[in-house]
Amino acid sequence: MSTRFTWTSAFGKGSGWLLHRIVRGLALSRISPNTLTFVGLVINIAAAFFFGYARGSNAHRMFLYAGLILIGAGLFDMVDGRVARATDRVSVFGAFFDSVIDRYSDVAIFFGLLVYYARGNRFVYVVLVAFVMTASLMVSYTRARAEALIGSCKVGFMERPERIVLVILGALFDTWGVMAPALWVLAFLSTVTVIHRIRYTYVQTERQKLRTAV
């Protein structure tokens, strides 16, 4: 048990050190955090291309490439905010831009999968991916709308990092048919998250109404 803890701690420290060095290097380069955000979008579009291009005997290989590319895109997701803080360039617009680009990245990834299943004439999964795409946008939209009303709405499990991790796992292990169940899990948990946020917002607005009445 102690050995496992030691290895886990060492891995965590090593990852943190590497991330810190990357952020420091990017900060010294004076690259704009918004540029890093946009580069992340371009990388996600590249992954979407590999999803859409996958077909027949090359499908598993293309999915593997897409999964590896998404890991790279995730690096940019992690560093843009850190670089902004390290260079004292945190801004309201930067947060807004990051959120908008994240939505485009989500749509690009699922659009690539949509093209893949459409080319394979797998109608059920075309509908499923379209539903997951919609649900993922609604997860973000319900939080944004709720926070405009009640200040904070961070309830629910299926945030963007969890969605990306599931897609990456599905892509890397598609040889064993992991992508299909990953999409069903995404559809279910994203819907549960949206419902949770709707209910939470309803409860909070009702409480605000009672406080105002008193």
# chains A, B, ... in the order shown; residues from 1 in each chain; ligands from 1
call {"tool": "residues_around", "arguments": {"residues": "Val194 in chain A", "least_positions_apart": "6", "cutoff": "9 Å", "atoms": "only C-alpha atoms", "output": "ChimeraX atom specification"}}
result
/A:135-136,138-140,142-143,156,158
call {"tool": "closest_atom_pairs", "arguments": {"of": "range 95-132 of chain A", "to": "range 173-187 of chain A", "cutoff": "9 Å", "atoms": "only C-alpha atoms", "output": "tab-separated table"}}
result
residue	atom	partner	partner_atom	distance
A:Tyr125	CA	A:Ala180	CA	8.0
A:Leu128	CA	A:Leu183	CA	7.3
A:Val129	CA	A:Leu183	CA	7.1
A:Phe131	CA	A:Ala187	CA	6.9
A:Val132	CA	A:Ala187	CA	5.0
call {"tool": "residues_around", "arguments": {"residues": "Leu113 in chain A", "least_positions_apart": "3", "cutoff": "6 Å", "atoms": "only C-alpha atoms", "output": "list in words"}}
result
Phe51, Gly52, Phe110 and Tyr116 of chain A
call {"tool": "write_last_selection", "arguments": {"atoms": "N, CA and C atoms", "output": "short mmCIF file (atom, residue, chain, number, x, y, z; two decimals), in the first residue's frame"}}
result
data_model
loop_
_atom_site.label_atom_id
_atom_site.label_comp_id
_atom_site.auth_asym_id
_atom_site.auth_seq_id
_atom_site.Cartn_x
_atom_site.Cartn_y
_atom_site.Cartn_z
N PHE A 51 -11.45 11.08 -36.93
CA PHE A 51 -12.69 10.35 -36.66
C PHE A 51 -13.51 10.21 -37.95
N GLY A 52 -13.68 11.33 -38.64
CA GLY A 52 -14.49 11.32 -39.84
C GLY A 52 -13.88 10.52 -40.98
N PHE A 110 -17.53 15.75 -31.86
CA PHE A 110 -18.72 14.93 -32.08
C PHE A 110 -19.16 14.95 -33.54
N TYR A 116 -18.32 9.75 -39.16
CA TYR A 116 -17.87 8.35 -39.16
C TYR A 116 -19.06 7.39 -39.19
#
call {"tool": "closest_residue", "arguments": {"among": "A:Ala47, A:Leu64, A:Ala130, A:Val79", "to": "Ala27 in chain A", "atoms": "only C-alpha atoms"}}
result
A:Val79
call {"tool": "residues_around", "arguments": {"residues": "Phe50 in chain A", "least_positions_apart": "5", "cutoff": "12 Å", "atoms": "only C-alpha atoms", "output": "ChimeraX atom specification"}}
result
/A:43-45,55,58-70,108-116,171
call {"tool": "write_last_selection", "arguments": {"atoms": "C-alpha atoms", "output": "tab-separated table (two decimals), in the first residue's frame"}}
result
chain	number	residue	atom	x	y	z
A	43	ILE	CA	-5.89	20.35	-32.69
A	44	ASN	CA	-9.41	19.20	-31.78
A	45	ILE	CA	-10.50	19.78	-35.39
A	55	ARG	CA	-13.54	3.64	-42.28
A	58	ASN	CA	-8.30	1.67	-41.02
A	59	ALA	CA	-10.97	2.70	-38.50
A	60	HIS	CA	-9.20	1.47	-35.36
A	61	ARG	CA	-5.93	3.10	-36.44
A	62	MET	CA	-7.62	6.42	-37.21
A	63	PHE	CA	-9.43	6.31	-33.87
A	64	LEU	CA	-6.11	5.68	-32.12
A	65	TYR	CA	-4.58	8.70	-33.83
A	66	ALA	CA	-7.62	10.80	-32.90
A	67	GLY	CA	-7.33	9.75	-29.26
A	68	LEU	CA	-3.64	10.65	-29.12
A	69	ILE	CA	-4.35	14.01	-30.76
A	70	LEU	CA	-7.07	14.69	-28.19
A	108	ALA	CA	-15.96	19.47	-33.82
A	109	ILE	CA	-15.16	16.21	-32.02
A	110	PHE	CA	-18.72	14.93	-32.08
A	111	PHE	CA	-19.21	16.10	-35.67
A	112	GLY	CA	-16.23	13.93	-36.64
A	113	LEU	CA	-17.87	10.94	-34.96
A	114	LEU	CA	-21.17	11.83	-36.64
A	115	VAL	CA	-19.48	11.69	-40.05
A	116	TYR	CA	-17.87	8.35	-39.16
A	171	ALA	CA	-10.88	6.26	-29.25
call {"tool": "atom_distance", "arguments": {"atom1": "CA of Phe49 in chain A", "atom2": "CA of Arg103 in chain A"}}
result
17.0 Å
